[in-house]
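Here the structure is laid out as structure tokens; the discussion comes afterwards.
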2 protein chains.
Amino acid sequence: MNLKELSSILGLSQTTVSRALNNYPEVNETTRIRVKDAATAHNYSANTRAKGLATGRSMAIGHVIPISTQHEIVNPVFADFIAGAGEVYSRNDHDMLLSVVADSDEERAYRSLAAKASVDGVIIHGPRENDTRIKLLQELGLPFVVHGRASDEAADYSWVDVNNRRSFHRATEFLHDLGHRRIALINGLESMDFARRRRDGYLAVLLERGIRVDPTLMVSEEMTEGFGFRRTQEMLQFANPPSAILVSSMITAIGVRRAIDAENLNIGSDVSVIIHDDELSYLRNGEDIPIFTATRSSVHAAGRICAEMLLAIISDNDQSPRHNLLETDLTVGQSTGPVRR
Amino acid sequence: MNLKELSSILGLSQTTVSRALNNYPEVNETTRIRVKDAATAHNYSANTRAKGLATGRSMAIGHVIPISTQHEIVNPVFADFIAGAGEVYSRNDHDMLLSVVADSDEERAYRSLAAKASVDGVIIHGPRENDTRIKLLQELGLPFVVHGRASDEAADYSWVDVNNRRSFHRATEFLHDLGHRRIALINGLESMDFARRRRDGYLAVLLERGIRVDPTLMVSEEMTEGFGFRRTQEMLQFANPPSAILVSSMITAIGVRRAIDAENLNIGSDVSVIIHDDELSYLRNGEDIPIFTATRSSVHAAGRICAEMLLAIISDNDQSPRHNLLETDLTVGQSTGPVRR
DNA sequence: AATCATTTCCAAAGCGCTTTGAATAAAATC
DNA sequence: GATTTTATTCAAAGCGCTTTGGAAATGATT
């Protein structure tokens with residue numbers, strides 16, 4: 001069923017039928033209703049590609065996902081972000097286009113999206129050190145929103161980010177206030193911007209409060225469960241082990257917990273733990289009382305906010321950069337307590 | 001940059017340029033090279049929508065994802081599946097189109113994909129009891145592959161599935177051989193086909209070996225961490241608690257472990273645990289020696305296999321159903337041991 | 001009744017590509 | 001040297017839609 005058939009059934013021109021369906025004013029309301037009913041009855045929807053060709057818009061948003069496990073992206077956090085963004089797209093009749101590409105092909109993927117005009121905009125995930133994507137997209141003239149920020153990018157651009165620095169600053173202060181002086185940081189890859197900011201927040205407190213920085217208490221890697229387990233296990237063997245641990249992800253924290261349990265130590269009393277909690281649907285931080293004391297910020301909501309911002313930029317046709325800095329909650333759970341003397 | 005511009009730059013007709021780029025034989029090799037070089041130089045790629053309109057193909061595969069947390073889909077397993085499928089799509093110049101929709105809109109989403117002709121095929125995730133999607137897609141004539149199977153669907157269709165029944169049958173036997181008689185099953189939602197099959201495998205062993213089925217040892221819900229924790233905690237309070245637990249997911253198993261640890265019991269010696277391990281990138285089941293004894297099957301690989309099957313169906317233009325039943329490995333880890341007397 | 005403004009509808013052009021059918025040039029055959 | 005084949009190239013139609021620039025019909029105004 002296409003426009004031609006539908007309009008001949010209705011005895012109307014394609015013009016009128018098209019206008020009726022797209023809610024243009026210059027069509028009689030009676031006719032409009034008749035047309036819409038017929039469209040429903042014959043299960044007609046305008047062919048995406050033909051419509052796109054005619055309007056010059058694709059009604060789709062692209063997400064380029066590097067395949068490598070070196071990146072933070074094929075991880076559970078991603079599923080929740082995508083779910084949030086996808087909700088917004090659907091609600092606004094947009095499609096979500098995912099490109100899973102090898103790391104080396106990332107730039108090419110963006111160029112191709114732009115050249116083939118297959119999307120109206122893109123979301124950039126997990127900005128890194130010396131990220132070239134922002135500059136590239138500005139050159140390509142493809143509207144975009146960054147989930148996160150790129151510290152060493154001079155140009156202004158639209159982003160949605162969590163206040164990672166303040167978040168970890170507060171968490172570190174909280175631990176210090178409880179008397180902890182040996183505070184470890186189990187961070188994400190510090191080539192990722194968010195991880196750098198978290199480290200900065202952590203280091204700032206040590207500096208402000210005159211605590212010596214111990215590099216053996218700072219580790220940074222891809223945020224897997226195994227990483228959390230291994231590094232915690234190691235640290236607990238130290239002559240002077242940490243009394244508190246700051247962990248960048250729920251996933252990693254699960255490994256941290258496993259290591260602490262394996263040593264027959266108690267979280268909260270023997271070792272305090274604060275995590276960053278993205279509020280993952282499938283890995284909730286407890287029900288009423290949080291399991292872990294946490295800096296909390298919903299990545300699902302972040303997905304929604306990014307998508308809304310991007311759609312607004314596209315429809316307003318206003319490329320002037322927008323920003324949204326989300327603050328985290330510091331929610332106290334059962335995993336922190338005063339330092340043991 | 002479009003075809004018209006490019007061909008006028010080259011002093012050739014659009015026909016020739018198009019044919020050169022699409023590797024048609026009726027074009028001089030010298031010309032082809034000249035054309036391809038120019039295309040690269042001017043960063044030309046054919047407009048997706050125009051190409052699609054002309055060819056009648058979208059070069060995209062759709063995935064419809066119901067939003068509700070009642071379903072198993074916005075979960076970490078999904079991220080790995082998508083990554084696997086996406087790899088295959090990229091390699092074959094296809095795009096992946098994600099539709100995140102409310103549960104009630106699922107059917108409409110498929111109809112719309114078909115009517116708008118925006119994809120060449122779809123993957124169906126997580127078939128359920130009385131799943132209507134298979135029938136619907138057959139009516140719509142949209143090629144598809146099901147990840148999983150639908151027990152109560154009479155019609156034949158293409159699927160890729162794990163041998164869930166045999167998998168849990170073997171796992172249950174393994175526990176029984178170790179002397180366990182009180183074996184609990186912490187399963188996914190049993191409205192989901194895979195969960196039903198796992199239960200069947202489990203129940204078959206009890207029947208075969210003359211063990212009384214205890215309904216209080218069988219629970220079924222969405223596979224979250226919290227679910228695993230709560231139910232394990234409850235069961236461990238029983239007068240006659242389980243000595244072994246079969247868990248349908250790594251995520252749930254993390255909660256199970258938390259509950260066992262909280263009781264100061266030891267996994268492997270006090271309580272044996274076998275999980276189903278999807279080999280999630282971010283939640284590996286240990287490095288060399290598995291943490292959990294597990295029935296193992298990579299969901300990432302399943303994504304690849306589904307995608308390959310679907311692309312083959314589309315390009316061979318052969319709708320005759322194909323099947324792929326994947327067997328799991330039963331890998332012994334540190335979480336199982338002989339029953340304590 | 002004549003004029004003008006509104007409302008409602010339509011024919012046709014155009015979006016950027018592929019593909020059919022034909023034309024031209026070069027090579028091969030007689 | 002005339003004719004047929006083969007190798008290259010091209011003009012134009014068509015994919016299914018939107019949108020421009022009328023045209024026809026209706027209603028309001030003089």
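Ordering of the structure tokens sets the chain letters (A, B, ...); residue numbers start at 1 within each chain; ligands are numbered from 1 in the order shown.
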
Restrict the distance test to only C-alpha atoms, flag each residue of chain A within 7 Å of chain B, and return the flagged residues as a VMD selection string.
chain A and resid 44 to 50 52 to 53 74 to 76 79 to 80 83 86 to 87 90 95 to 101 112 115 to 118 224 to 226 261 282 to 284 286

Counting only C-alpha atoms (C1' of nucleotides), which residues from chain D have an atom at most 12 Å from any atom of chain B, and could you show them as a list in words?
DT6, DA7, DT8, DT9, DC10, DA11, DA12, DA13, DG14, DC15, DG16 and DC17 of chain D

Preceding selection exported with N, CA and C atoms (P, O5', C5', C4', C3', O3' and C1' of nucleotides) as an mmCIF file, in the first residue's frame:
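Result went into selection.cif, see below:
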data_model
loop_
_atom_site.group_PDB
_atom_site.id
_atom_site.type_symbol
_atom_site.label_atom_id
_atom_site.label_comp_id
_atom_site.auth_asym_id
_atom_site.auth_seq_id
_atom_site.Cartn_x
_atom_site.Cartn_y
_atom_site.Cartn_z
ATOM 1 P P DT D 6 30.193 -11.218 -28.994
ATOM 2 O "O5'" DT D 6 30.939 -9.977 -28.344
ATOM 3 C "C5'" DT D 6 32.333 -9.762 -28.611
ATOM 4 C "C4'" DT D 6 32.769 -8.460 -27.982
ATOM 5 C "C3'" DT D 6 32.323 -8.268 -26.530
ATOM 6 O "O3'" DT D 6 33.479 -8.062 -25.745
ATOM 7 C "C1'" DT D 6 31.917 -6.319 -27.812
ATOM 8 P P DA D 7 33.418 -7.848 -24.192
ATOM 9 O "O5'" DA D 7 33.773 -6.296 -24.100
ATOM 10 C "C5'" DA D 7 34.798 -5.777 -24.939
ATOM 11 C "C4'" DA D 7 34.910 -4.275 -24.728
ATOM 12 C "C3'" DA D 7 34.749 -3.810 -23.283
ATOM 13 O "O3'" DA D 7 35.692 -2.764 -23.075
ATOM 14 C "C1'" DA D 7 33.101 -2.770 -24.618
ATOM 15 P P DT D 8 35.952 -2.154 -21.619
ATOM 16 O "O5'" DT D 8 35.510 -0.661 -21.844
ATOM 17 C "C5'" DT D 8 34.135 -0.404 -21.861
ATOM 18 C "C4'" DT D 8 33.944 1.019 -22.303
ATOM 19 C "C3'" DT D 8 33.486 1.876 -21.146
ATOM 20 O "O3'" DT D 8 34.057 3.164 -21.234
ATOM 21 C "C1'" DT D 8 31.774 1.676 -22.805
ATOM 22 P P DT D 9 33.902 4.165 -20.013
ATOM 23 O "O5'" DT D 9 32.510 4.847 -20.383
ATOM 24 C "C5'" DT D 9 32.489 5.869 -21.359
ATOM 25 C "C4'" DT D 9 31.071 6.139 -21.771
ATOM 26 C "C3'" DT D 9 30.231 6.854 -20.727
ATOM 27 O "O3'" DT D 9 30.213 8.248 -21.022
ATOM 28 C "C1'" DT D 9 29.004 5.223 -21.981
ATOM 29 P P DC D 10 29.480 9.222 -20.040
ATOM 30 O "O5'" DC D 10 27.989 9.234 -20.602
ATOM 31 C "C5'" DC D 10 27.755 9.571 -21.973
ATOM 32 C "C4'" DC D 10 26.285 9.402 -22.279
ATOM 33 C "C3'" DC D 10 25.362 10.139 -21.309
ATOM 34 O "O3'" DC D 10 24.500 10.967 -22.048
ATOM 35 C "C1'" DC D 10 24.660 7.897 -21.599
ATOM 36 P P DA D 11 23.913 12.279 -21.378
ATOM 37 O "O5'" DA D 11 22.394 12.187 -21.837
ATOM 38 C "C5'" DA D 11 22.080 11.571 -23.090
ATOM 39 C "C4'" DA D 11 20.621 11.150 -23.106
ATOM 40 C "C3'" DA D 11 19.672 12.039 -22.323
ATOM 41 O "O3'" DA D 11 18.434 12.051 -23.019
ATOM 42 C "C1'" DA D 11 19.669 9.879 -21.380
ATOM 43 P P DA D 12 17.187 12.853 -22.452
ATOM 44 O "O5'" DA D 12 16.384 11.732 -21.668
ATOM 45 C "C5'" DA D 12 16.158 10.480 -22.314
ATOM 46 C "C4'" DA D 12 15.292 9.604 -21.428
ATOM 47 C "C3'" DA D 12 14.286 10.359 -20.572
ATOM 48 O "O3'" DA D 12 13.178 9.500 -20.383
ATOM 49 C "C1'" DA D 12 15.682 9.178 -19.171
ATOM 50 P P DA D 13 11.762 10.022 -19.930
ATOM 51 O "O5'" DA D 13 11.150 8.758 -19.182
ATOM 52 C "C5'" DA D 13 11.487 7.450 -19.654
ATOM 53 C "C4'" DA D 13 11.426 6.472 -18.502
ATOM 54 C "C3'" DA D 13 10.300 6.757 -17.503
ATOM 55 O "O3'" DA D 13 9.727 5.517 -17.125
ATOM 56 C "C1'" DA D 13 12.352 6.727 -16.366
ATOM 57 P P DG D 14 8.372 5.485 -16.318
ATOM 58 O "O5'" DG D 14 8.879 5.046 -14.877
ATOM 59 C "C5'" DG D 14 9.700 3.889 -14.738
ATOM 60 C "C4'" DG D 14 10.161 3.797 -13.312
ATOM 61 C "C3'" DG D 14 9.099 4.244 -12.292
ATOM 62 O "O3'" DG D 14 9.054 3.309 -11.238
ATOM 63 C "C1'" DG D 14 11.099 5.407 -11.925
ATOM 64 P P DC D 15 7.770 3.205 -10.315
ATOM 65 O "O5'" DC D 15 8.379 3.022 -8.870
ATOM 66 C "C5'" DC D 15 9.426 2.119 -8.597
ATOM 67 C "C4'" DC D 15 10.151 2.605 -7.367
ATOM 68 C "C3'" DC D 15 9.242 3.335 -6.386
ATOM 69 O "O3'" DC D 15 8.746 2.397 -5.435
ATOM 70 C "C1'" DC D 15 11.355 4.464 -6.690
ATOM 71 P P DG D 16 7.181 2.299 -5.123
ATOM 72 O "O5'" DG D 16 6.918 3.499 -4.109
ATOM 73 C "C5'" DG D 16 7.553 3.487 -2.855
ATOM 74 C "C4'" DG D 16 7.401 4.844 -2.206
ATOM 75 C "C3'" DG D 16 5.958 5.332 -2.089
ATOM 76 O "O3'" DG D 16 5.776 5.814 -0.776
ATOM 77 C "C1'" DG D 16 7.301 6.980 -3.105
ATOM 78 P P DC D 17 4.389 6.339 -0.267
ATOM 79 O "O5'" DC D 17 4.666 7.912 -0.142
ATOM 80 C "C5'" DC D 17 5.231 8.421 1.032
ATOM 81 C "C4'" DC D 17 6.135 9.586 0.708
ATOM 82 C "C3'" DC D 17 5.501 10.957 0.822
ATOM 83 O "O3'" DC D 17 5.578 11.380 2.174
ATOM 84 C "C1'" DC D 17 7.011 10.813 -1.033
#

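With only C-alpha atoms (C1' of nucleotides) as the basis for measurement, C:DT20 is the residue among C:DA13, C:DT8, C:DT3, C:DT20 that approaches chain B most closely.
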
Neighbours of DA25 (chain D) within 12 Å (only C-alpha atoms (C1' of nucleotides); same-chain residues fewer than 4 positions away dropped), as a PyMOL selection string?
chain C and resi 6-9

Restricting the output to C-alpha atoms (C1' of nucleotides), write the selected residues as an mmCIF file, in the first residue's frame.
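Below is the file that was written, result-v9.cif:
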data_model
loop_
_atom_site.group_PDB
_atom_site.id
_atom_site.type_symbol
_atom_site.label_atom_id
_atom_site.label_comp_id
_atom_site.auth_asym_id
_atom_site.auth_seq_id
_atom_site.Cartn_x
_atom_site.Cartn_y
_atom_site.Cartn_z
ATOM 1 C "C1'" DT C 6 -10.989 31.908 1.240
ATOM 2 C "C1'" DT C 7 -11.155 27.345 1.190
ATOM 3 C "C1'" DT C 8 -10.130 23.191 -0.887
ATOM 4 C "C1'" DC C 9 -8.048 20.559 -4.041
#

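Proximity ranking of A:Asp120, A:Ile9, A:Arg32, A:Thr172 relative to chain C places A:Arg32 first, based on only C-alpha atoms (C1' of nucleotides).
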
Give the residues of chain C that lie within 8 Å of chain B; count only C-alpha atoms (C1' of nucleotides), and format the answer as a PyMOL selection string.
chain C and resi 15-18

Out of region 96-229 of chain A, which residues get strand (DSSP E) from DSSP, as a PyMOL selection string?
chain A and resi 96-101+121-125+144-147+159-162+183-187+218-220

Could the residues in this selection be written to a file with C-alpha atoms, as a PDB file, in the first residue's frame?
ATOM      1  CA  MET A  96      17.690   4.976  16.760  1.00  0.00           C
ATOM      2  CA  LEU A  97      20.493   3.845  14.527  1.00  0.00           C
ATOM      3  CA  LEU A  98      23.297   1.894  16.160  1.00  0.00           C
ATOM      4  CA  SER A  99      26.654   1.484  14.459  1.00  0.00           C
ATOM      5  CA  VAL A 100      28.895  -1.026  16.131  1.00  0.00           C
ATOM      6  CA  VAL A 101      32.343  -0.492  14.659  1.00  0.00           C
ATOM      7  CA  GLY A 121      22.146  13.880  14.589  1.00  0.00           C
ATOM      8  CA  VAL A 122      24.318  11.757  16.814  1.00  0.00           C
ATOM      9  CA  ILE A 123      25.095  11.208  20.463  1.00  0.00           C
ATOM     10  CA  ILE A 124      28.742  10.921  21.417  1.00  0.00           C
ATOM     11  CA  HIS A 125      29.442   8.497  24.204  1.00  0.00           C
ATOM     12  CA  PHE A 144      25.355  16.236  18.173  1.00  0.00           C
ATOM     13  CA  VAL A 145      25.237  16.050  21.943  1.00  0.00           C
ATOM     14  CA  VAL A 146      28.031  14.630  24.057  1.00  0.00           C
ATOM     15  CA  HIS A 147      27.231  12.405  26.989  1.00  0.00           C
ATOM     16  CA  TRP A 159      26.775  18.199  26.459  1.00  0.00           C
ATOM     17  CA  VAL A 160      25.019  16.479  29.321  1.00  0.00           C
ATOM     18  CA  ASP A 161      27.267  15.395  32.132  1.00  0.00           C
ATOM     19  CA  VAL A 162      27.294  14.378  35.751  1.00  0.00           C
ATOM     20  CA  ILE A 183      41.331   5.881  51.066  1.00  0.00           C
ATOM     21  CA  ALA A 184      41.719   3.906  47.861  1.00  0.00           C
ATOM     22  CA  LEU A 185      40.320   4.915  44.482  1.00  0.00           C
ATOM     23  CA  ILE A 186      39.273   2.141  42.132  1.00  0.00           C
ATOM     24  CA  ASN A 187      38.547   4.169  39.070  1.00  0.00           C
ATOM     25  CA  MET A 218      44.905   4.529  43.035  1.00  0.00           C
ATOM     26  CA  VAL A 219      44.075   2.141  40.256  1.00  0.00           C
ATOM     27  CA  SER A 220      42.381   2.720  36.951  1.00  0.00           C
TER      28      SER A 220
END

Members of region 50-298 of chain A assigned alpha helix (DSSP H) by DSSP, as a PyMOL selection string
chain A and resi 50-55+76-91+106-115+133-140+164-177+193-208+225-237+250-262

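The space between CA of Ala259 (chain A) and CA of Arg230 (chain A) spans 7.4 Å.
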
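Atom pair C1' of DT3 (chain D) / C1' of DA22 (chain C) has a distance of 19.7 Å (rounded to one decimal).
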
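Between CA of Ala39 (chain B) and CA of Gly11 (chain B) lies a distance of 13.4 Å.
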